[in-house]
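Peer 1: Input: one structure, supplied below.
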Amino acid sequence: MPERPIATVAILTYNGEDYLERILEQLRRQEIDGEFEVLVIDSGSTDSTLDIVRRFPEVRLHQIPNEEFGHGRTRNLAAQLANGEFVAYLTHDAIPTSPHWLREITAPFALDEGIVAVMGKQVPRPGCFPLLKYEIHGVFAGLGPDFGTSVFYRDASMTDEGILDALGFYSDVNSAARRDFLTQTIPYRDVPYAEDQLFGRDLIEAGYRKAYAPRAAVEHSNDLTLAEYGKRIFDETVGLRRIGFPIPPMSRAAQLRLTVRGIVGDTLRILRDREYSWRRKLYWLAVNPAYQIRKWGSYRPSTLVDLADEGAIRAGSLEHSRKRR
């Protein structure tokens, strides 16, 4: 019998031509003791995604009709199709930054059998707008130092809902989980949005552990126009409200206060940012405030919209505007 692969790298694709080839090239360069496989699940791409996959004969392609796609449902399908002990998930725009990515994203499982899921670091793309760049840096810096592995779990003293929400934070842009755990214990829930946050909370509340592996980094930040960014904020907030995260309604005064604070804070960060030339700093000093205005101008309605009003939710949704056909 052939030896079971250490891991299955599962990539969910839909019109992913922009970054997919770079991802697959990086996977060819991975250095890990043992075998691994790459599985692409495509849900009806109409661009050159499938042509790119076919240029990598080692990649196993599984196609599903577009209407069968679901963020949680399709990740569960990947686990069912996987042959590896671990399933490492990448979105079709998350590019591993080193040949050690797969080794690092699976390494924490050896620390403790109670660790059932691992989240890797995300590094914003060079052209990412400052607001998003600094948010990504801040989120992942808060999870632990780059030189170590952080483990998150719940004990009896942790009863505050805010702490539990923070413990459950999870992103499956760049992640891994034990295959048997996904198929036999806690799968992803089939929800329209925030399936990863719900999965992270589910496993913490059930008494399991998850880890953050910062050396398992990918280049990733959403390529969004100003209009798309606002709709993305709307989707994220409504998605979290729908799965039970306590997000209070925002007042106009709070919207104004957070907008001004965000503009001032980003302005100072841009001026100190050594990655930007002076010309680029001047550009972002002029442009970035519009993203702060758009962010909070979309966030407030997302905290107020009636979750039963599907028409209002569709009107503000990026997911709906990009509806798969």
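By order of appearance in the structure tokens: chains A, B, ..., then residues from 1 within every chain, and ligands from 1 in the order shown.
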Name all residues at most 12 Å from A:Ile41 (count only C-alpha atoms; drop same-chain ones fewer than 3 positions away) and give them as a ChimeraX atom specification.
Peer 2: /A:9-16,38,44-45,49-50,53,59-66,68-71,73-82,89-92
Peer 1: For A:Arg241, please output as a PyMOL selection string all residues within 10 Å (counting only C-alpha atoms; exclusion window: fewer than 5 positions along the same chain).
Peer 2: chain A and resi 194+235-236+246-248+302-303+307
Peer 1: Using only C-alpha atoms, which residues sit within 9 Å of A:Glu205 once same-chain residues fewer than 3 positions away are excluded, as a PDB file with N, CA and C atoms, in the first residue's frame?
Peer 2:
```pdb
ATOM      1  N   TYR A 153      -6.615  28.070  23.949  1.00  0.00           N
ATOM      2  CA  TYR A 153      -7.555  27.107  24.505  1.00  0.00           C
ATOM      3  C   TYR A 153      -8.371  27.799  25.587  1.00  0.00           C
ATOM      4  N   ARG A 154      -9.439  27.147  25.971  1.00  0.00           N
ATOM      5  CA  ARG A 154     -10.313  27.701  27.001  1.00  0.00           C
ATOM      6  C   ARG A 154     -10.126  26.921  28.301  1.00  0.00           C
ATOM      7  N   LEU A 164     -13.813  34.844  24.860  1.00  0.00           N
ATOM      8  CA  LEU A 164     -14.084  33.633  24.086  1.00  0.00           C
ATOM      9  C   LEU A 164     -14.104  33.931  22.587  1.00  0.00           C
ATOM     10  N   GLY A 168     -11.467  32.358  19.833  1.00  0.00           N
ATOM     11  CA  GLY A 168     -11.958  31.612  18.684  1.00  0.00           C
ATOM     12  C   GLY A 168     -11.583  32.206  17.344  1.00  0.00           C
ATOM     13  N   GLY A 200     -13.612  28.156  14.391  1.00  0.00           N
ATOM     14  CA  GLY A 200     -12.686  28.430  15.481  1.00  0.00           C
ATOM     15  C   GLY A 200     -13.380  28.494  16.825  1.00  0.00           C
ATOM     16  N   ARG A 201     -14.540  29.133  16.858  1.00  0.00           N
ATOM     17  CA  ARG A 201     -15.283  29.218  18.116  1.00  0.00           C
ATOM     18  C   ARG A 201     -15.818  27.860  18.536  1.00  0.00           C
ATOM     19  N   ASP A 202     -16.302  27.079  17.559  1.00  0.00           N
ATOM     20  CA  ASP A 202     -16.843  25.752  17.873  1.00  0.00           C
ATOM     21  C   ASP A 202     -15.794  24.859  18.528  1.00  0.00           C
ATOM     22  N   TYR A 208     -11.195  21.903  22.602  1.00  0.00           N
ATOM     23  CA  TYR A 208      -9.996  21.603  21.816  1.00  0.00           C
ATOM     24  C   TYR A 208      -9.083  22.825  21.759  1.00  0.00           C
TER      25      TYR A 208
END
```
Peer 1: Using atom CA of A:Ser98 and atom CA of A:Arg209 as the two end points, give the distance in Å to one decimal.
Peer 2: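 Between these atoms lies a distance of 25.8 Å.
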Peer 1: Determine which residues of stretch 72-317 of chain A receive a DSSP assignment of alpha helix (DSSP H), computed from the backbone, and state them as a ChimeraX atom specification.
Peer 2: /A:72-81,101-106,130-141,161-167,179-184,195-205,226-242,252-272,278-304,310-316
Peer 1: Would you export the selected residues with C-alpha atoms as a compact mmCIF listing (two decimals), in the first residue's frame, please?
Peer 2:
```txt
# COMPACT_ATOMS: atom_id res chain seq x y z
CA GLY A 72 -18.03 25.63 4.77
CA ARG A 73 -19.62 22.91 2.65
CA THR A 74 -16.84 22.89 0.05
CA ARG A 75 -14.11 22.84 2.71
CA ASN A 76 -15.82 19.80 4.21
CA LEU A 77 -15.84 18.23 0.75
CA ALA A 78 -12.09 18.84 0.50
CA ALA A 79 -11.59 17.00 3.80
CA GLN A 80 -13.64 14.08 2.53
CA LEU A 81 -11.63 13.89 -0.70
CA TRP A 101 5.22 26.90 4.55
CA LEU A 102 3.69 23.40 4.60
CA ARG A 103 6.17 22.15 7.19
CA GLU A 104 5.41 25.11 9.45
CA ILE A 105 1.61 24.99 9.10
CA THR A 106 1.58 21.30 10.12
CA PRO A 130 -2.59 51.39 3.99
CA LEU A 131 -5.79 50.94 6.02
CA LEU A 132 -5.93 47.24 5.15
CA LYS A 133 -2.15 46.81 5.37
CA TYR A 134 -2.03 48.13 8.94
CA GLU A 135 -5.11 46.14 9.97
CA ILE A 136 -3.51 42.90 8.75
CA HIS A 137 -0.26 43.71 10.54
CA GLY A 138 -2.16 44.51 13.73
CA VAL A 139 -4.35 41.41 13.74
CA PHE A 140 -1.49 38.95 13.29
CA ALA A 141 0.91 40.81 15.59
CA GLU A 161 -17.84 36.37 25.93
CA GLY A 162 -15.36 38.90 24.55
CA ILE A 163 -12.44 36.70 25.60
CA LEU A 164 -14.08 33.63 24.09
CA ASP A 165 -14.64 35.46 20.79
CA ALA A 166 -10.98 36.48 20.76
CA LEU A 167 -9.85 32.92 21.55
CA ARG A 179 -8.59 15.48 8.57
CA ASP A 180 -10.24 13.03 10.97
CA PHE A 181 -11.34 15.90 13.20
CA LEU A 182 -13.07 17.60 10.28
CA THR A 183 -14.76 14.44 9.00
CA GLN A 184 -15.68 12.81 12.32
CA GLU A 195 -17.53 29.88 8.42
CA ASP A 196 -13.93 30.07 9.67
CA GLN A 197 -14.78 32.23 12.68
CA LEU A 198 -17.58 29.85 13.58
CA PHE A 199 -15.28 26.83 13.21
CA GLY A 200 -12.69 28.43 15.48
CA ARG A 201 -15.28 29.22 18.12
CA ASP A 202 -16.84 25.75 17.87
CA LEU A 203 -13.59 23.93 18.53
CA ILE A 204 -12.57 26.21 21.43
CA GLU A 205 -15.98 25.83 23.10
CA LEU A 226 -13.03 51.54 -2.86
CA ALA A 227 -16.64 50.55 -3.58
CA GLU A 228 -15.90 46.84 -3.15
CA TYR A 229 -14.12 47.46 0.14
CA GLY A 230 -17.22 49.02 1.65
CA LYS A 231 -19.36 46.09 0.55
CA ARG A 232 -16.78 43.68 1.99
CA ILE A 233 -17.03 45.40 5.38
CA PHE A 234 -20.81 45.10 5.16
CA ASP A 235 -20.61 41.36 4.37
CA GLU A 236 -18.14 40.62 7.16
CA THR A 237 -20.17 42.42 9.81
CA VAL A 238 -23.53 40.99 8.75
CA GLY A 239 -21.93 37.52 8.56
CA LEU A 240 -20.66 37.79 12.13
CA ARG A 241 -24.03 39.03 13.36
CA ARG A 242 -25.76 36.10 11.68
CA ARG A 252 -23.58 58.45 13.80
CA ALA A 253 -21.42 60.05 16.46
CA ALA A 254 -19.43 56.84 16.86
CA GLN A 255 -19.09 56.56 13.09
CA LEU A 256 -17.67 60.07 12.87
CA ARG A 257 -15.34 59.55 15.84
CA LEU A 258 -13.90 56.30 14.46
CA THR A 259 -13.52 57.76 10.98
CA VAL A 260 -11.51 60.73 12.27
CA ARG A 261 -9.43 58.51 14.56
CA GLY A 262 -8.71 56.12 11.70
CA ILE A 263 -7.64 58.90 9.33
CA VAL A 264 -5.33 60.47 11.93
CA GLY A 265 -3.83 57.13 12.95
CA ASP A 266 -3.22 56.00 9.37
CA THR A 267 -1.70 59.39 8.49
CA LEU A 268 0.90 59.00 11.24
CA ARG A 269 1.62 55.40 10.22
CA ILE A 270 2.04 56.37 6.56
CA LEU A 271 4.49 59.13 7.48
CA ARG A 272 6.56 56.63 9.51
CA TRP A 278 7.92 60.01 -0.36
CA ARG A 279 5.97 60.07 -3.62
CA ARG A 280 3.98 57.02 -2.51
CA LYS A 281 3.42 58.54 0.92
CA LEU A 282 1.94 61.67 -0.63
CA TYR A 283 -0.33 59.52 -2.80
CA TRP A 284 -1.64 57.49 0.13
CA LEU A 285 -2.01 60.54 2.36
CA ALA A 286 -4.44 61.85 -0.24
CA VAL A 287 -6.22 58.59 -1.07
CA ASN A 288 -6.31 56.50 2.11
CA PRO A 289 -8.79 58.73 4.02
CA ALA A 290 -11.45 57.73 1.49
CA TYR A 291 -11.04 54.12 2.60
CA GLN A 292 -11.58 55.09 6.25
CA ILE A 293 -14.69 57.03 5.29
CA ARG A 294 -15.93 54.11 3.24
CA LYS A 295 -15.17 51.59 5.98
CA TRP A 296 -17.16 53.24 8.71
CA GLY A 297 -19.84 54.44 6.29
CA SER A 298 -20.50 50.77 5.49
CA TYR A 299 -19.95 49.40 8.96
CA ARG A 300 -22.69 51.46 10.57
CA PRO A 301 -25.50 50.24 8.25
CA SER A 302 -24.26 46.67 8.68
CA THR A 303 -24.86 46.97 12.43
CA LEU A 304 -28.36 48.36 11.89
CA GLU A 310 -32.80 39.83 2.54
CA GLY A 311 -33.35 42.64 0.07
CA ALA A 312 -31.46 45.16 2.17
CA ILE A 313 -28.65 42.68 2.80
CA ARG A 314 -28.30 41.86 -0.89
CA ALA A 315 -28.19 45.57 -1.73
CA GLY A 316 -25.15 46.12 0.48
```
Peer 1: For A:Pro214, work out the shell of residues within 8 Å, counting only C-alpha atoms and skipping chain neighbours fewer than 2 positions away, then give it as an MDAnalysis selection string.
Peer 2: chainID A and resid 120:121 144:149 212 216:217
Peer 1: Atom CA of A:Phe86 and atom CA of A:Phe36, how far apart in Å?
Peer 2: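 Computed distance, atom CA of A:Phe36 to atom CA of A:Phe86, equals 9.5 Å.
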Peer 1: From the options A:Gly207, A:Arg54, A:Ala117, A:Ala213, which residue's atoms come nearest to A:Ala156, counting only C-alpha atoms?
Peer 2: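 Of the candidates, the smallest distance to A:Ala156 is held by A:Gly207.
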Peer 1: Residues of stretch 3-144 of chain A in strand (DSSP E) according to DSSP, as a VMD selection string?
Peer 2: chain A and resid 7 to 13 36 to 42 59 to 63 86 to 91 95 to 96 115 to 123
Peer 1: Output N, CA and C atoms for every residue in the selection just made, as an mmCIF file, in the first residue's frame.
Peer 2:
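The result, written out as result-v3.cif:
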```cif
data_model
loop_
_atom_site.group_PDB
_atom_site.id
_atom_site.type_symbol
_atom_site.label_atom_id
_atom_site.label_comp_id
_atom_site.auth_asym_id
_atom_site.auth_seq_id
_atom_site.Cartn_x
_atom_site.Cartn_y
_atom_site.Cartn_z
ATOM 1 N N ALA A 7 0.034 15.457 4.239
ATOM 2 C CA ALA A 7 -0.993 16.497 4.143
ATOM 3 C C ALA A 7 -1.573 16.552 2.744
ATOM 4 N N THR A 8 -2.795 17.048 2.690
ATOM 5 C CA THR A 8 -3.433 17.434 1.439
ATOM 6 C C THR A 8 -3.576 18.947 1.459
ATOM 7 N N VAL A 9 -2.979 19.603 0.477
ATOM 8 C CA VAL A 9 -3.155 21.047 0.347
ATOM 9 C C VAL A 9 -4.386 21.269 -0.526
ATOM 10 N N ALA A 10 -5.424 21.843 0.047
ATOM 11 C CA ALA A 10 -6.697 22.035 -0.653
ATOM 12 C C ALA A 10 -6.860 23.506 -1.018
ATOM 13 N N ILE A 11 -7.065 23.755 -2.309
ATOM 14 C CA ILE A 11 -7.243 25.127 -2.803
ATOM 15 C C ILE A 11 -8.617 25.203 -3.450
ATOM 16 N N LEU A 12 -9.459 26.090 -2.939
ATOM 17 C CA LEU A 12 -10.785 26.301 -3.510
ATOM 18 C C LEU A 12 -10.690 27.424 -4.532
ATOM 19 N N THR A 13 -11.085 27.143 -5.771
ATOM 20 C CA THR A 13 -10.912 28.144 -6.822
ATOM 21 C C THR A 13 -12.232 28.522 -7.474
ATOM 22 N N PHE A 36 3.188 14.848 0.104
ATOM 23 C CA PHE A 36 1.932 15.576 0.249
ATOM 24 C C PHE A 36 1.281 15.664 -1.119
ATOM 25 N N GLU A 37 -0.004 15.949 -1.133
ATOM 26 C CA GLU A 37 -0.744 16.071 -2.383
ATOM 27 C C GLU A 37 -1.410 17.438 -2.449
ATOM 28 N N VAL A 38 -1.738 17.845 -3.669
ATOM 29 C CA VAL A 38 -2.429 19.112 -3.885
ATOM 30 C C VAL A 38 -3.767 18.816 -4.545
ATOM 31 N N LEU A 39 -4.827 19.330 -3.944
ATOM 32 C CA LEU A 39 -6.190 19.147 -4.431
ATOM 33 C C LEU A 39 -6.798 20.511 -4.723
ATOM 34 N N VAL A 40 -7.260 20.696 -5.953
ATOM 35 C CA VAL A 40 -7.976 21.917 -6.328
ATOM 36 C C VAL A 40 -9.441 21.561 -6.526
ATOM 37 N N ILE A 41 -10.312 22.287 -5.836
ATOM 38 C CA ILE A 41 -11.753 22.134 -6.051
ATOM 39 C C ILE A 41 -12.248 23.401 -6.728
ATOM 40 N N ASP A 42 -12.673 23.274 -7.960
ATOM 41 C CA ASP A 42 -13.119 24.437 -8.726
ATOM 42 C C ASP A 42 -14.640 24.425 -8.847
ATOM 43 N N VAL A 59 -1.308 17.907 -9.707
ATOM 44 C CA VAL A 59 -2.453 18.447 -8.973
ATOM 45 C C VAL A 59 -3.706 17.646 -9.312
ATOM 46 N N ARG A 60 -4.452 17.269 -8.278
ATOM 47 C CA ARG A 60 -5.718 16.572 -8.467
ATOM 48 C C ARG A 60 -6.840 17.604 -8.541
ATOM 49 N N LEU A 61 -7.594 17.583 -9.623
ATOM 50 C CA LEU A 61 -8.664 18.555 -9.847
ATOM 51 C C LEU A 61 -10.016 17.894 -9.625
ATOM 52 N N HIS A 62 -10.844 18.550 -8.828
ATOM 53 C CA HIS A 62 -12.221 18.105 -8.623
ATOM 54 C C HIS A 62 -13.132 19.283 -8.940
ATOM 55 N N GLN A 63 -14.082 19.084 -9.837
ATOM 56 C CA GLN A 63 -14.969 20.162 -10.256
ATOM 57 C C GLN A 63 -16.376 19.937 -9.719
ATOM 58 N N PHE A 86 -3.432 15.579 7.454
ATOM 59 C CA PHE A 86 -3.858 16.952 7.698
ATOM 60 C C PHE A 86 -4.348 17.560 6.391
ATOM 61 N N VAL A 87 -5.308 18.478 6.508
ATOM 62 C CA VAL A 87 -5.778 19.227 5.345
ATOM 63 C C VAL A 87 -5.338 20.672 5.533
ATOM 64 N N ALA A 88 -4.482 21.137 4.627
ATOM 65 C CA ALA A 88 -4.001 22.522 4.671
ATOM 66 C C ALA A 88 -4.767 23.314 3.626
ATOM 67 N N TYR A 89 -5.474 24.342 4.065
ATOM 68 C CA TYR A 89 -6.316 25.125 3.167
ATOM 69 C C TYR A 89 -5.628 26.419 2.739
ATOM 70 N N LEU A 90 -5.747 26.715 1.443
ATOM 71 C CA LEU A 90 -5.336 28.005 0.895
ATOM 72 C C LEU A 90 -6.478 28.531 0.036
ATOM 73 N N THR A 91 -6.740 29.826 0.119
ATOM 74 C CA THR A 91 -7.621 30.428 -0.874
ATOM 75 C C THR A 91 -6.831 30.632 -2.158
ATOM 76 N N ILE A 95 -0.549 33.190 -1.377
ATOM 77 C CA ILE A 95 0.681 32.630 -1.938
ATOM 78 C C ILE A 95 1.686 32.340 -0.816
ATOM 79 N N PRO A 96 2.063 31.086 -0.594
ATOM 80 C CA PRO A 96 3.085 30.799 0.424
ATOM 81 C C PRO A 96 4.360 31.597 0.158
ATOM 82 N N ILE A 115 -4.330 19.838 19.847
ATOM 83 C CA ILE A 115 -4.330 20.871 18.808
ATOM 84 C C ILE A 115 -4.936 20.265 17.554
ATOM 85 N N VAL A 116 -6.073 20.801 17.136
ATOM 86 C CA VAL A 116 -6.793 20.220 15.996
ATOM 87 C C VAL A 116 -6.800 21.132 14.785
ATOM 88 N N ALA A 117 -6.407 22.396 14.966
ATOM 89 C CA ALA A 117 -6.411 23.346 13.849
ATOM 90 C C ALA A 117 -5.277 24.348 14.041
ATOM 91 N N VAL A 118 -4.735 24.799 12.926
ATOM 92 C CA VAL A 118 -3.612 25.739 12.936
ATOM 93 C C VAL A 118 -3.904 26.847 11.933
ATOM 94 N N MET A 119 -3.608 28.065 12.321
ATOM 95 C CA MET A 119 -3.761 29.220 11.440
ATOM 96 C C MET A 119 -2.396 29.823 11.179
ATOM 97 N N GLY A 120 -2.089 30.137 9.923
ATOM 98 C CA GLY A 120 -0.829 30.763 9.575
ATOM 99 C C GLY A 120 -0.962 32.266 9.456
ATOM 100 N N LYS A 121 0.169 32.906 9.244
ATOM 101 C CA LYS A 121 0.226 34.361 9.152
ATOM 102 C C LYS A 121 -0.136 34.829 7.747
ATOM 103 N N GLN A 122 -0.662 36.049 7.652
ATOM 104 C CA GLN A 122 -0.905 36.697 6.363
ATOM 105 C C GLN A 122 -0.067 37.970 6.274
ATOM 106 N N VAL A 123 0.568 38.163 5.136
ATOM 107 C CA VAL A 123 1.395 39.333 4.878
ATOM 108 C C VAL A 123 0.749 40.110 3.733
#
```
